Structures are given as structure tokens and as C-alpha cells.
>>> print(open('input_8.cif').read())   # mmCIF, C-alpha atoms
data_input
loop_
_atom_site.label_atom_id
_atom_site.label_comp_id
_atom_site.auth_asym_id
_atom_site.auth_seq_id
_atom_site.Cartn_x
_atom_site.Cartn_y
_atom_site.Cartn_z
CA MET A 29 102.10 143.31 87.17
CA LEU A 30 101.03 140.40 89.32
CA LEU A 31 99.49 142.56 92.02
CA GLY A 32 96.31 142.94 90.05
CA ASP A 33 93.14 144.92 90.57
CA PHE A 34 90.29 143.43 92.59
CA ALA A 35 86.75 144.75 93.01
CA ASP A 36 85.40 144.89 96.55
CA VAL A 37 82.02 143.68 95.36
CA GLN A 38 83.26 140.11 95.82
CA PRO A 39 82.84 138.22 99.10
CA ALA A 40 85.61 138.91 101.63
CA GLY A 41 86.69 135.26 101.63
CA SER A 42 87.05 135.29 97.85
CA LEU A 43 89.02 138.53 97.98
CA ALA A 44 91.35 137.12 100.64
CA ALA A 45 92.02 134.07 98.46
CA GLN A 46 92.75 136.26 95.45
CA ALA A 47 94.99 138.53 97.51
CA TYR A 48 96.88 135.48 98.76
CA ALA A 49 97.34 134.13 95.22
CA SER A 50 98.45 137.53 93.92
CA LEU A 51 100.97 138.13 96.72
CA ARG A 52 102.28 134.59 96.49
CA GLY A 53 102.68 134.94 92.72
CA ALA A 54 104.50 138.26 93.17
CA ILE A 55 106.98 136.61 95.54
CA GLU A 56 107.56 133.68 93.18
CA ALA A 57 108.07 136.03 90.23
CA GLY A 58 110.51 138.20 92.17
CA GLU A 59 108.25 141.26 92.12
CA LEU A 60 108.27 141.15 95.92
CA ARG A 61 111.87 140.27 96.77
CA PRO A 62 113.32 138.77 99.96
CA GLY A 63 114.03 141.49 102.51
CA MET A 64 111.62 143.98 100.94
CA ARG A 65 109.69 146.01 103.52
CA LEU A 66 105.96 146.36 102.90
CA ARG A 67 103.10 148.48 104.19
CA GLU A 68 99.68 146.85 104.24
CA GLU A 69 98.02 150.13 103.36
CA ASP A 70 100.19 150.47 100.24
CA LEU A 71 99.38 146.91 99.19
CA ALA A 72 95.67 147.59 99.71
CA VAL A 73 95.86 150.64 97.46
CA ARG A 74 97.78 148.79 94.76
CA MET A 75 95.32 145.91 94.82
CA GLN A 76 92.29 148.18 95.15
CA MET A 77 90.73 146.30 98.05
CA SER A 78 89.96 146.90 101.68
CA ARG A 79 92.54 145.96 104.29
CA THR A 80 90.38 143.25 105.88
CA PRO A 81 90.82 140.57 103.16
CA LEU A 82 94.38 141.74 102.59
CA ARG A 83 95.24 141.21 106.26
CA GLU A 84 93.80 137.69 106.08
CA ALA A 85 96.05 136.92 103.11
CA VAL A 86 99.06 138.44 104.87
CA ARG A 87 98.44 136.38 108.02
CA ARG A 88 98.30 133.22 105.91
CA LEU A 89 101.57 134.09 104.17
CA GLU A 90 103.17 134.83 107.54
CA ALA A 91 102.06 131.43 108.85
CA GLU A 92 103.58 129.76 105.77
CA GLY A 93 106.88 131.61 106.22
CA PHE A 94 106.69 133.93 103.21
CA PHE A 95 106.31 137.09 105.29
CA ALA A 96 107.95 137.99 108.59
CA ARG A 97 107.80 140.84 111.08
CA GLU A 98 110.84 142.94 111.94
CA SER A 99 110.13 145.54 114.61
CA ARG A 100 106.45 145.23 113.69
CA THR A 101 107.25 145.97 110.03
CA LEU A 102 106.05 143.49 107.41
CA VAL A 103 109.00 142.07 105.44
CA VAL A 104 109.27 139.50 102.65
CA ALA A 105 111.10 136.61 104.32
CA SER A 106 114.57 135.65 103.17
CA LEU A 107 116.78 132.60 103.55
CA ASP A 108 120.25 132.80 105.09
CA HIS A 109 123.30 130.81 103.96
CA GLN A 110 122.48 127.85 106.21
CA ALA A 111 118.84 127.69 105.10
CA VAL A 112 119.84 127.83 101.43
CA SER A 113 122.35 125.02 101.96
CA GLU A 114 119.73 122.90 103.72
CA LEU A 115 117.18 123.57 100.99
CA TYR A 116 119.54 122.49 98.22
CA ALA A 117 120.63 119.43 100.19
CA MET A 118 117.00 118.29 100.22
CA ARG A 119 116.57 119.18 96.55
CA GLU A 120 119.56 117.02 95.67
CA VAL A 121 118.12 114.00 97.48
CA LEU A 122 114.56 114.43 96.24
CA GLU A 123 115.32 115.34 92.63
CA GLY A 124 117.86 112.55 92.38
CA THR A 125 115.18 110.15 93.58
CA ALA A 126 112.64 111.61 91.14
CA ALA A 127 115.06 111.16 88.25
CA ALA A 128 115.83 107.56 89.26
CA PHE A 129 112.12 106.78 89.50
CA ALA A 130 111.52 108.43 86.11
CA ALA A 131 114.22 106.22 84.57
CA ARG A 132 112.26 103.22 85.85
CA HIS A 133 108.68 104.33 85.29
CA ALA A 134 108.48 107.06 82.62
CA SER A 135 106.35 106.12 79.63
CA ASP A 136 107.57 106.61 76.08
CA SER A 137 105.25 109.62 75.72
CA GLU A 138 106.61 111.18 78.90
CA ILE A 139 110.17 110.80 77.65
CA VAL A 140 109.15 112.40 74.33
CA ALA A 141 107.57 115.24 76.31
CA LEU A 142 110.82 115.79 78.22
CA ARG A 143 112.71 115.88 74.92
CA ASP A 144 110.21 118.40 73.53
CA LEU A 145 110.66 120.57 76.62
CA LEU A 146 114.42 120.45 76.12
CA ALA A 147 114.01 121.63 72.54
CA ILE A 148 111.88 124.56 73.69
CA GLU A 149 114.43 125.30 76.40
CA ALA A 150 117.20 125.57 73.81
CA ASP A 151 115.18 128.20 71.95
CA LEU A 152 114.69 130.23 75.15
CA LEU A 153 118.33 130.53 76.21
CA ALA A 154 118.42 134.14 74.96
CA ARG A 155 115.15 134.98 76.77
CA PRO A 156 115.98 134.51 80.46
CA GLN A 157 112.64 135.44 82.00
CA GLU A 158 110.78 132.99 79.77
CA LEU A 159 113.49 130.41 80.35
CA ALA A 160 113.07 130.65 84.13
CA ARG A 161 109.32 130.01 83.82
CA HIS A 162 109.92 127.16 81.38
CA ASN A 163 112.40 125.59 83.79
CA GLU A 164 109.55 125.05 86.25
CA ARG A 165 107.59 123.24 83.54
CA PHE A 166 110.57 120.98 82.82
CA HIS A 167 111.00 120.04 86.46
CA SER A 168 107.25 119.50 86.88
CA ALA A 169 107.32 117.07 83.96
CA LEU A 170 110.25 115.26 85.54
CA TYR A 171 108.39 114.96 88.85
CA GLY A 172 105.31 113.61 87.10
CA ALA A 173 107.35 111.03 85.22
CA ALA A 174 108.53 109.61 88.57
CA HIS A 175 104.99 108.30 89.21
CA ASN A 176 105.13 108.60 93.00
CA ARG A 177 102.43 110.75 94.57
CA TYR A 178 104.21 111.10 97.91
CA LEU A 179 107.45 112.19 96.32
CA LEU A 180 105.51 114.67 94.19
CA LYS A 181 103.82 116.12 97.26
CA THR A 182 107.16 116.57 99.03
CA LEU A 183 108.78 118.17 95.98
CA ASN A 184 105.89 120.61 95.63
CA ALA A 185 106.24 121.59 99.29
CA LEU A 186 109.93 122.25 98.70
CA ARG A 187 109.03 124.36 95.68
CA ASP A 188 107.11 126.65 98.04
CA ALA A 189 110.30 127.33 100.01
CA ARG A 190 112.22 127.97 96.80
CA ALA A 191 110.06 131.03 96.17
CA LEU A 192 112.10 132.79 98.87
CA LEU A 193 115.38 132.28 97.05
CA GLY A 194 114.91 135.34 94.89
CA PRO A 195 115.42 135.68 91.12
CA SER A 196 116.27 132.54 89.17
CA THR A 197 119.95 131.74 88.61
CA LEU A 198 118.96 131.09 84.99
CA LEU A 199 118.86 134.83 84.40
CA ASP A 200 122.63 134.50 84.03
CA PRO A 201 123.38 133.30 80.47
CA VAL A 202 126.40 131.22 81.52
CA ARG A 203 124.39 129.36 84.15
CA ALA A 204 121.48 128.99 81.71
CA ALA A 205 123.69 127.24 79.14
CA GLN A 206 125.22 125.03 81.83
CA ALA A 207 121.80 124.07 83.19
CA HIS A 208 120.59 123.19 79.70
CA ALA A 209 123.53 120.82 79.23
CA GLU A 210 122.77 119.27 82.62
CA HIS A 211 119.13 118.78 81.62
CA GLU A 212 120.29 117.08 78.41
CA ALA A 213 122.38 114.60 80.41
CA LEU A 214 119.47 113.98 82.77
CA VAL A 215 116.97 113.23 80.01
CA SER A 216 119.50 111.01 78.21
CA ALA A 217 119.87 108.93 81.38
CA ILE A 218 116.09 108.61 81.68
CA GLU A 219 115.86 107.60 78.00
CA ALA A 220 118.47 104.93 78.67
CA HIS A 221 116.35 103.69 81.62
CA SER A 222 119.38 103.97 83.89
CA PRO A 223 118.23 104.91 87.42
CA ALA A 224 121.79 105.28 88.72
CA ALA A 225 122.85 107.58 85.89
CA ALA A 226 119.65 109.62 86.16
CA ASP A 227 120.08 110.02 89.91
CA GLU A 228 123.67 111.20 89.48
CA ALA A 229 122.76 113.60 86.64
CA ALA A 230 120.03 115.18 88.74
CA ARG A 231 122.32 115.49 91.76
CA LEU A 232 125.05 117.13 89.69
CA HIS A 233 122.48 119.57 88.32
CA ILE A 234 121.30 120.58 91.79
CA ARG A 235 124.87 120.86 93.10
CA SER A 236 125.68 123.27 90.27
CA ALA A 237 122.57 125.31 91.04
CA ARG A 238 123.53 125.36 94.73
CA ARG A 239 127.03 126.68 93.98
CA GLU A 240 125.63 129.47 91.83
CA ARG A 241 122.98 130.38 94.40
CA LEU A 242 125.48 130.54 97.25
CA ARG A 243 127.88 132.57 95.13
CA ARG A 244 125.16 135.14 94.56
CA LEU A 245 124.22 135.12 98.22
CA VAL A 246 127.80 135.95 99.22
CA GLN A 247 127.94 138.77 96.66
CA THR A 248 124.77 140.41 97.96
CA ASN A 249 125.77 140.23 101.66
#
>>> encode(input="input_8.cif", output="C-alpha cells")
Amino acid sequence: MLLGDFADVQPAGSLAAQAYASLRGAIEAGELRPGMRLREEDLAVRMQMSRTPLREAVRRLEAEGFFARESRTLVVASLDHQAVSELYAMREVLEGTAAAFAARHASDSEIVALRDLLAIEADLLARPQELARHNERFHSALYGAAHNRYLLKTLNALRDARALLGPSTLLDPVRAAQAHAEHEALVSAIEAHSPAAADEAARLHIRSARRERLRRLVQTN
């Protein structure tokens, strides 16, 4: 359970920061899902803290777009079809650029690390929850191998928005196997130091993820 216990003996500012981190983590892990209605008093009880630091954390998450108000009720924000399409359009551009940069700038050790992550990924295909967490590590390694601090900052900001997408598409075994093959092609292009091939492999990967995400969105609406 990500909504952990906190002792009110800590300073209010520290409690607010911990409440923020816990709520944010719960959203990213899918414990608090898009569209879920929340009561601050229930959250305070679950987290064993007063409502003052909790409210501060909630206000911060509202300002960042993770929470919204519907008829004065606190709701975990969700993305509509248009927002999801826009998000993946930006992912395609940015991750394609990151892959192209990695093909130019990745060190031998970084390429080995990507290969090692792929090997671990193959072993996790039957464990979807672990695979979804590992997928974030793979993409983080890719971003780092691009060696561009401004691109990294933009990708990390986009990752924040992705928390509102809901459960990972990699929980589906068919999509998981497809994504693994796409990662293999991406790393092979980086190993070959081919920016064009790496860019295209990354774009194809994100397009596939977009199709699966939109398919799920249609099914749930």
C-alpha cells in the first residue's frame, strides 16, 4: 500500500511533503485511478495524519493537474481521447529525438546497460506488474543516454502527465511481448549508431503504445 502511515509528531511541512509523495505515488501506481472520487477525511484516516498537511498536498496536486474538483468533490483527474492523442504525439517526437541522440552519444557502457535491461525485461514478461515498473527504468536509461539535459527535463515533465493515463498497457501479455520486440529494435539501432533508425524505432514503439492506449480508452467509455 503506497498510502503509508505517518506520525503527526513531524513538522507540518514535512508531513505535507510526505503526503504529496504518497498520493503522487499512489496515482502513478494506479492505486488511485483516474475518475476516482476521494474524500479528504478518508485520506487523512488512511494516512493517519491531520487534514492540514493533507490539504496542502491536495492543493499542490490540484495545481499540477493530478486532482480536480467536480461539484466540489475531489476527483483523480483523467485524460480524454484528445488529451491522450496529444500526449502520445509529444512522446513520439521527444522519444524519437532521445533515441536519435542516444545513437550519436551513448557510451559503450550505456549501450551495455540498455542490453542488460532488455535481458531483465525478457525475464519479466510473465510478471506484468514488475515489467511495468522495469519499463520506466528502461526508458530512463534511454533518456540518460541521449546526453541532453533540456530534453531530459522535458521528457520528465511529460512523464508526470503520463501518470494520469491509468494502468500500464504492459499488463496485457500481447502488448508486453510486442513492446519487448520494439525495444530490441530500438537498442539495435542505437548499437549500430544509426540516429535515423533509432528515431524511427522509437516512433514506431510510441505509435503502437498509442494505439493500445486509445483502444482501451474506447472500451472503457
>>> closest_atom_pairs(input="input_8.cif", of="range 84-189 of chain A", to="range 206-226 of chain A", cutoff="7 Å", atoms="all atoms listed in the file", output="CSV")
residue,atom,partner,partner_atom,distance
A:Ala127,CA,A:Ala226,CA,5.3
A:Ala128,CA,A:Pro223,CA,4.0
A:Phe129,CA,A:Pro223,CA,6.7
A:Ala130,CA,A:Ile218,CA,6.4
A:Ala131,CA,A:Ile218,CA,4.2
A:Arg132,CA,A:His221,CA,5.9
A:Ile139,CA,A:Glu219,CA,6.5
A:Leu142,CA,A:Val215,CA,6.9
>>> atom_distance(input="input_8.cif", atom1="CA of Ala126 in chain A", atom2="CA of Ala105 in chain A")
28.3 Å
>>> resolve_selection(input="input_8.cif", expression="the PyMOL selection byres ((chain A and resi 56-71) around 6)", output="PyMOL selection string")
chain A and resi 53-55+72-74+102-106+191+194-195
>>> closest_residue(input="input_8.cif", among="A:Ser78, A:Asn163, A:Thr182, A:Ser50", to="Met118 in chain A", atoms="only C-alpha atoms")
A:Thr182
>>> residues_around(input="input_8.cif", residues="range 82-89 of chain A", least_positions_apart="4", cutoff="8 Å", atoms="all atoms listed in the file", output="list in words")
Leu43, Ala44, Ala45, Ala47, Tyr48, Arg52, Glu68, Leu71, Ala72, Met77, Ser78, Gly93, Phe94 and Phe95 of chain A
>>> residues_around(input="input_8.cif", residues="His109 in chain A", least_positions_apart="3", cutoff="12 Å", atoms="only C-alpha atoms", output="short mmCIF file (atom, residue, chain, number, x, y, z; two decimals) with C-alpha atoms, in the frame of the given file")
data_model
loop_
_atom_site.label_atom_id
_atom_site.label_comp_id
_atom_site.auth_asym_id
_atom_site.auth_seq_id
_atom_site.Cartn_x
_atom_site.Cartn_y
_atom_site.Cartn_z
CA SER A 106 114.57 135.65 103.17
CA VAL A 112 119.84 127.83 101.43
CA SER A 113 122.35 125.02 101.96
CA GLU A 114 119.73 122.90 103.72
CA LEU A 115 117.18 123.57 100.99
CA TYR A 116 119.54 122.49 98.22
CA LEU A 193 115.38 132.28 97.05
CA ARG A 238 123.53 125.36 94.73
CA ARG A 239 127.03 126.68 93.98
CA ARG A 241 122.98 130.38 94.40
CA LEU A 242 125.48 130.54 97.25
CA ARG A 243 127.88 132.57 95.13
CA ARG A 244 125.16 135.14 94.56
CA LEU A 245 124.22 135.12 98.22
CA VAL A 246 127.80 135.95 99.22
CA GLN A 247 127.94 138.77 96.66
CA THR A 248 124.77 140.41 97.96
CA ASN A 249 125.77 140.23 101.66
#
